[in-house]
$ cat data.tsv   # TSV, C-alpha atoms
chain	number	residue	atom	x	y	z
T	1	ASP	CA	-74.91	7.14	-61.68
T	2	THR	CA	-72.80	4.01	-61.91
T	3	GLY	CA	-71.53	3.83	-58.37
T	4	VAL	CA	-68.25	4.71	-56.71
T	5	SER	CA	-65.42	5.14	-59.21
T	6	GLN	CA	-61.71	4.90	-58.43
T	7	ASN	CA	-58.74	5.69	-60.64
T	8	PRO	CA	-56.32	4.32	-61.47
T	9	ARG	CA	-57.20	0.67	-60.93
T	10	HIS	CA	-53.55	-0.32	-60.69
T	11	LYS	CA	-50.41	1.65	-59.92
T	12	ILE	CA	-46.82	0.43	-59.84
T	13	THR	CA	-44.30	2.90	-58.50
T	14	LYS	CA	-40.72	2.96	-57.34
T	15	ARG	CA	-39.95	3.42	-53.70
T	16	GLY	CA	-39.64	7.09	-52.82
T	17	GLN	CA	-42.02	8.35	-55.51
T	18	ASN	CA	-45.27	10.16	-54.80
T	19	VAL	CA	-48.60	8.75	-55.94
T	20	THR	CA	-52.13	10.14	-56.04
T	21	PHE	CA	-55.41	8.25	-56.26
T	22	ARG	CA	-58.83	9.62	-57.10
T	23	CYS	CA	-62.28	8.62	-55.88
T	24	ASP	CA	-65.60	9.80	-57.31
T	25	PRO	CA	-68.43	8.90	-54.92
T	26	ILE	CA	-72.09	8.36	-55.72
T	27	SER	CA	-73.31	11.85	-56.53
T	28	GLU	CA	-75.83	12.36	-53.72
T	29	HIS	CA	-73.58	10.89	-51.01
T	30	ASN	CA	-72.02	13.46	-48.71
T	31	ARG	CA	-69.88	11.00	-46.73
T	32	LEU	CA	-66.69	9.59	-48.21
T	33	TYR	CA	-64.28	7.09	-46.67
T	34	TRP	CA	-60.85	5.72	-47.50
T	35	TYR	CA	-59.77	2.24	-46.41
T	36	ARG	CA	-56.62	0.20	-46.95
T	37	GLN	CA	-56.58	-3.56	-47.42
T	38	THR	CA	-53.51	-5.78	-47.36
T	39	LEU	CA	-53.44	-9.35	-48.57
T	40	GLY	CA	-55.53	-11.71	-46.48
T	41	GLN	CA	-56.86	-8.97	-44.23
T	42	GLY	CA	-60.08	-7.03	-44.02
T	43	PRO	CA	-60.10	-3.34	-44.98
T	44	GLU	CA	-58.85	-0.90	-42.35
T	45	PHE	CA	-60.27	2.59	-41.95
T	46	LEU	CA	-57.98	5.46	-42.95
T	47	THR	CA	-60.05	8.64	-43.05
T	48	TYR	CA	-63.55	10.06	-43.42
T	49	PHE	CA	-65.06	13.19	-44.97
T	50	GLN	CA	-68.44	14.80	-44.41
T	51	ASN	CA	-68.80	17.02	-47.48
T	52	GLU	CA	-65.43	18.81	-47.74
T	53	ALA	CA	-64.52	18.48	-44.07
T	54	GLN	CA	-62.11	15.74	-43.04
T	55	LEU	CA	-63.59	14.72	-39.71
T	56	GLU	CA	-61.55	11.68	-38.68
T	57	LYS	CA	-58.13	10.24	-39.45
T	58	SER	CA	-56.77	6.88	-38.35
T	59	ARG	CA	-53.37	6.53	-36.73
T	60	LEU	CA	-52.58	4.40	-39.79
T	61	LEU	CA	-52.53	7.62	-41.79
T	62	SER	CA	-48.93	8.71	-41.30
T	63	ASP	CA	-47.59	12.16	-42.17
T	64	ARG	CA	-46.77	10.87	-45.66
T	65	PHE	CA	-50.46	10.43	-46.39
T	66	SER	CA	-52.83	13.26	-47.19
T	67	ALA	CA	-56.42	13.22	-48.35
T	68	GLU	CA	-58.56	16.00	-49.70
T	69	ARG	CA	-62.11	16.55	-50.84
T	70	PRO	CA	-61.97	20.16	-51.96
T	71	LYS	CA	-65.51	20.73	-53.18
T	72	GLY	CA	-67.29	17.98	-51.33
T	73	SER	CA	-67.44	15.82	-54.43
T	74	PHE	CA	-64.41	13.76	-55.56
T	75	SER	CA	-61.55	13.00	-53.21
T	76	THR	CA	-57.83	12.40	-53.67
T	77	LEU	CA	-55.45	10.36	-51.54
T	78	GLU	CA	-51.76	11.19	-51.92
T	79	ILE	CA	-48.87	9.14	-50.58
T	80	GLN	CA	-45.51	10.87	-50.50
T	81	ARG	CA	-42.16	9.08	-50.49
T	82	THR	CA	-43.76	5.68	-50.94
T	83	GLU	CA	-42.39	2.68	-49.05
T	84	GLN	CA	-42.78	-1.02	-49.82
T	85	GLY	CA	-45.08	-1.32	-46.83
T	86	ASP	CA	-47.54	0.99	-48.60
T	87	SER	CA	-48.29	-1.75	-51.12
T	88	ALA	CA	-51.98	-2.54	-50.66
T	89	MET	CA	-55.44	-2.10	-52.12
T	90	TYR	CA	-56.83	1.36	-51.41
T	91	LEU	CA	-60.61	1.37	-51.26
T	92	CYS	CA	-63.00	4.29	-51.33
T	93	ALA	CA	-66.59	4.16	-50.08
T	94	SER	CA	-69.46	6.61	-49.87
T	95	SER	CA	-72.76	6.83	-48.05
T	96	THR	CA	-75.52	9.29	-47.29
T	97	GLY	CA	-75.30	11.48	-44.22
T	98	THR	CA	-76.86	9.22	-41.61
T	99	ASP	CA	-75.26	6.68	-39.30
T	100	TRP	CA	-77.30	3.68	-40.30
T	101	THR	CA	-77.14	3.62	-44.08
T	102	GLU	CA	-75.35	1.33	-46.47
T	103	ALA	CA	-71.78	2.05	-47.53
T	104	PHE	CA	-70.95	1.49	-51.20
T	105	PHE	CA	-67.40	0.70	-52.25
T	106	GLY	CA	-65.44	1.30	-55.42
T	107	GLN	CA	-63.28	-1.28	-57.19
T	108	GLY	CA	-60.17	-0.05	-55.43
T	109	THR	CA	-56.70	1.03	-56.53
T	110	ARG	CA	-54.03	-1.65	-56.24
T	111	LEU	CA	-50.68	-0.03	-55.35
T	112	THR	CA	-47.42	-1.92	-55.75
T	113	VAL	CA	-44.24	-0.25	-54.55
T	114	VAL	CA	-41.06	-1.79	-56.01
Q	1	LYS	CA	-62.19	-0.76	-29.20
Q	2	GLN	CA	-64.38	-2.73	-31.61
Q	3	GLU	CA	-62.96	-6.03	-32.85
Q	4	VAL	CA	-64.63	-8.24	-35.45
Q	5	THR	CA	-63.88	-11.93	-35.90
Q	6	GLN	CA	-65.05	-14.25	-38.65
Q	7	ILE	CA	-65.18	-18.02	-38.44
Q	8	PRO	CA	-64.28	-20.11	-40.35
Q	9	ALA	CA	-61.42	-18.48	-42.23
Q	10	ALA	CA	-62.04	-20.78	-45.18
Q	11	LEU	CA	-64.84	-23.12	-46.19
Q	12	SER	CA	-65.26	-25.57	-49.07
Q	13	VAL	CA	-68.67	-27.08	-49.83
Q	14	PRO	CA	-70.22	-29.03	-52.69
Q	15	GLU	CA	-72.70	-27.25	-54.91
Q	16	GLY	CA	-76.26	-27.22	-53.58
Q	17	GLU	CA	-75.39	-27.21	-49.88
Q	18	ASN	CA	-76.76	-24.66	-47.46
Q	19	LEU	CA	-74.09	-22.94	-45.37
Q	20	VAL	CA	-73.62	-20.48	-42.52
Q	21	LEU	CA	-70.84	-17.93	-42.09
Q	22	ASN	CA	-70.24	-16.51	-38.65
Q	23	CYS	CA	-69.25	-13.03	-37.49
Q	24	SER	CA	-68.72	-11.86	-33.93
Q	25	PHE	CA	-68.03	-8.36	-32.56
Q	26	THR	CA	-66.89	-7.21	-29.15
Q	27	ASP	CA	-68.77	-3.91	-28.73
Q	28	SER	CA	-72.55	-4.24	-28.96
Q	29	ALA	CA	-73.00	-0.47	-29.42
Q	30	ILE	CA	-73.16	-0.73	-33.19
Q	31	TYR	CA	-75.37	1.21	-35.59
Q	32	ASN	CA	-75.50	-1.52	-38.20
Q	33	LEU	CA	-73.88	-4.71	-39.43
Q	34	GLN	CA	-73.05	-5.05	-43.09
Q	35	TRP	CA	-72.08	-8.12	-45.12
Q	36	PHE	CA	-69.94	-7.79	-48.25
Q	37	ARG	CA	-68.67	-10.04	-50.99
Q	38	GLN	CA	-65.19	-9.61	-52.47
Q	39	ASP	CA	-63.93	-11.38	-55.59
Q	40	PRO	CA	-60.14	-11.75	-56.01
Q	41	GLY	CA	-58.47	-8.42	-56.75
Q	42	LYS	CA	-61.78	-6.56	-56.76
Q	43	GLY	CA	-63.62	-4.11	-54.56
Q	44	LEU	CA	-66.43	-4.88	-52.14
Q	45	THR	CA	-70.02	-5.58	-53.13
Q	46	SER	CA	-72.61	-4.90	-50.46
Q	47	LEU	CA	-74.86	-7.89	-49.84
Q	48	LEU	CA	-77.00	-7.06	-46.81
Q	49	LEU	CA	-77.27	-4.33	-44.20
Q	50	ILE	CA	-78.92	-4.98	-40.85
Q	51	GLN	CA	-79.82	-1.94	-38.75
Q	52	SER	CA	-79.10	-2.21	-35.03
Q	53	SER	CA	-82.85	-2.36	-34.30
Q	54	GLN	CA	-83.41	-5.24	-36.74
Q	55	ARG	CA	-82.91	-8.97	-36.25
Q	56	GLU	CA	-82.50	-10.11	-39.84
Q	57	GLN	CA	-82.49	-9.19	-43.51
Q	58	THR	CA	-83.08	-11.34	-46.58
Q	59	SER	CA	-82.09	-10.98	-50.21
Q	60	GLY	CA	-82.72	-13.87	-52.55
Q	61	ARG	CA	-80.79	-16.90	-51.29
Q	62	LEU	CA	-79.08	-14.84	-48.59
Q	63	ASN	CA	-80.28	-14.29	-45.05
Q	64	ALA	CA	-78.36	-12.36	-42.42
Q	65	SER	CA	-79.21	-12.27	-38.74
Q	66	LEU	CA	-78.04	-10.00	-35.95
Q	67	ASP	CA	-77.97	-10.62	-32.19
Q	68	LYS	CA	-76.51	-7.52	-30.57
Q	69	SER	CA	-76.72	-8.89	-27.04
Q	70	SER	CA	-74.43	-11.79	-27.86
Q	71	GLY	CA	-72.32	-9.83	-30.35
Q	72	ARG	CA	-73.02	-12.17	-33.25
Q	73	SER	CA	-74.21	-12.12	-36.84
Q	74	THR	CA	-74.63	-14.97	-39.29
Q	75	LEU	CA	-74.91	-15.06	-43.07
Q	76	TYR	CA	-76.93	-17.99	-44.37
Q	77	ILE	CA	-76.53	-18.96	-48.03
Q	78	ALA	CA	-79.10	-21.37	-49.38
Q	79	ALA	CA	-78.51	-23.80	-52.23
Q	80	SER	CA	-74.92	-22.68	-52.84
Q	81	GLN	CA	-73.62	-22.30	-56.42
Q	82	PRO	CA	-70.08	-22.17	-57.83
Q	83	GLY	CA	-70.69	-18.47	-58.58
Q	84	ASP	CA	-70.96	-17.87	-54.84
Q	85	SER	CA	-67.24	-18.59	-54.48
Q	86	ALA	CA	-65.63	-15.45	-53.05
Q	87	THR	CA	-64.46	-13.91	-49.79
Q	88	TYR	CA	-67.28	-12.79	-47.51
Q	89	LEU	CA	-66.60	-9.93	-45.12
Q	90	CYS	CA	-68.70	-8.64	-42.27
Q	91	ALA	CA	-68.31	-5.14	-40.89
Q	92	ALA	CA	-69.65	-3.47	-37.77
Q	93	GLY	CA	-70.82	0.10	-38.36
Q	94	GLY	CA	-70.27	2.63	-35.60
Q	95	ALA	CA	-70.85	6.35	-35.27
Q	96	THR	CA	-70.32	8.19	-38.58
Q	97	ASN	CA	-70.80	4.83	-40.28
Q	98	LYS	CA	-67.12	4.00	-39.98
Q	99	LEU	CA	-66.83	0.25	-40.59
Q	100	ILE	CA	-64.68	-2.21	-38.64
Q	101	PHE	CA	-64.10	-5.32	-40.71
Q	102	GLY	CA	-63.36	-8.93	-39.94
Q	103	THR	CA	-60.69	-10.78	-41.90
Q	104	GLY	CA	-63.27	-12.60	-44.01
Q	105	THR	CA	-64.29	-16.14	-44.87
Q	106	LEU	CA	-62.98	-17.56	-48.14
Q	107	LEU	CA	-65.76	-19.68	-49.63
Q	108	ALA	CA	-65.23	-22.25	-52.37
Q	109	VAL	CA	-68.29	-23.98	-53.82
Q	110	GLN	CA	-67.29	-27.10	-55.74
Q	111	PRO	CA	-69.31	-28.01	-58.84

$ encode --input "data.tsv" --output "structure tokens"
Amino acid sequence: DTGVSQNPRHKITKRGQNVTFRCDPISEHNRLYWYRQTLGQGPEFLTYFQNEAQLEKSRLLSDRFSAERPKGSFSTLEIQRTEQGDSAMYLCASSTGTDWTEAFFGQGTRLTVV
Amino acid sequence: KQEVTQIPAALSVPEGENLVLNCSFTDSAIYNLQWFRQDPGKGLTSLLLIQSSQREQTSGRLNASLDKSSGRSTLYIAASQPGDSATYLCAAGGATNKLIFGTGTLLAVQP
């Protein structure tokens, strides 16, 4: 296993379009997280899955955002009706199912809304 | 609400110097403290994880310490190299391993 994989690496979209990102976690990890990072800031938590269950969502995750992890493996993050303020790096991380283990991050998807 | 602060925001040192990056957090009820490295436009690379019951962790030229009572962690880099130039982020891990990040320290090591 080569680590957490995210696709695409870069996405440029016009305002108002929908976009979808994919994250493939490390295979034995049952926890999956999405974070968003804007320029000059640290990543901010968006949402968290334990297997296929979405257990926590940040207030940052507006109604235009939806995340799924249908079979407890890969996850998708969809943004509907994109706005310029959605431009950011979207990072995915995974970890095993305990509260004190290391989180491993993917390379991120850079979204630019024009 | 957990808040994480990193000082300094930016640091420039000549090659070979030892340096310390600082991280402070407001809520001492953490499960772990994790240090990451981020190169421009890239994802995060995990450097060190300190469990809440531990005081320090070491990996090669890196040493991270944790003092929960004072809400502080430090990352010590020995004999810095130009390849160490990057942004260093610390993150406090709470329940469910959700991470709260600082804004990072941008390190430049001059050859």

$ interface_residues --input "data.tsv" --of "chain T" --to "chain Q" --cutoff "7 Å" --atoms "all atoms listed in the file" --output "PDB file with C-alpha atoms, in the frame of the given file"
ATOM      1  CA  GLY T  40     -55.530 -11.710 -46.480  1.00  0.00           C
ATOM      2  CA  GLN T  41     -56.860  -8.970 -44.230  1.00  0.00           C
ATOM      3  CA  GLY T  42     -60.080  -7.030 -44.020  1.00  0.00           C
ATOM      4  CA  PRO T  43     -60.100  -3.340 -44.980  1.00  0.00           C
ATOM      5  CA  ASP T  99     -75.260   6.680 -39.300  1.00  0.00           C
ATOM      6  CA  TRP T 100     -77.300   3.680 -40.300  1.00  0.00           C
ATOM      7  CA  GLU T 102     -75.350   1.330 -46.470  1.00  0.00           C
ATOM      8  CA  PHE T 104     -70.950   1.490 -51.200  1.00  0.00           C
ATOM      9  CA  PHE T 105     -67.400   0.700 -52.250  1.00  0.00           C
ATOM     10  CA  GLY T 106     -65.440   1.300 -55.420  1.00  0.00           C
ATOM     11  CA  GLN T 107     -63.280  -1.280 -57.190  1.00  0.00           C
ATOM     12  CA  GLY T 108     -60.170  -0.050 -55.430  1.00  0.00           C
TER      13      GLY T 108
END

$ residues_around --input "data.tsv" --residues "Lys68 (chain Q)" --least-positions-apart "5" --cutoff "10 Å" --atoms "only C-alpha atoms" --output "PyMOL selection string"
chain Q and resi 24-30+32-33+52-55+73

$ atom_distance --input "data.tsv" --atom1 "CA of Ala64 (chain Q)" --atom2 "CA of Asn22 (chain Q)"
9.9 Å

$ residues_near_point --input "data.tsv" --point "(-65.4, -17.2, -53.5)" --cutoff "6 Å" --atoms "only C-alpha atoms" --output "list of chain:residue names"
Q:Asp84, Q:Ser85, Q:Ala86, Q:Thr87, Q:Leu106, Q:Leu107, Q:Ala108

$ closest_residue --input "data.tsv" --among "Q:Leu66, Q:Arg61, Q:Gly83, Q:Cys23" --to "Glu3 (chain Q)" --atoms "only C-alpha atoms"
Q:Cys23

$ closest_residue --input "data.tsv" --among "T:Arg9, T:Tyr35, T:Lys14, T:Gly72" --to "Ser58 (chain T)" --atoms "all atoms listed in the file"
T:Tyr35

$ atom_distance --input "data.tsv" --atom1 "CA of Lys57 (chain T)" --atom2 "CA of Tyr33 (chain T)"
10.0 Å

$ atom_distance --input "data.tsv" --atom1 "CA of Ser73 (chain T)" --atom2 "CA of Ser94 (chain T)"
10.5 Å

$ axis_aligned_box --input "data.tsv" --around "region 36-39 of chain Q" --padding-each-side "6 Å" --output "JSON"
{"center_x": -66.9, "center_y": -9.6, "center_z": -51.9, "size_x": 18.0, "size_y": 15.6, "size_z": 19.3}

$ closest_residue --input "data.tsv" --among "T:Cys23, T:Leu61, T:Ala88, T:Ala93" --to "Val113 (chain T)" --atoms "only C-alpha atoms"
T:Ala88
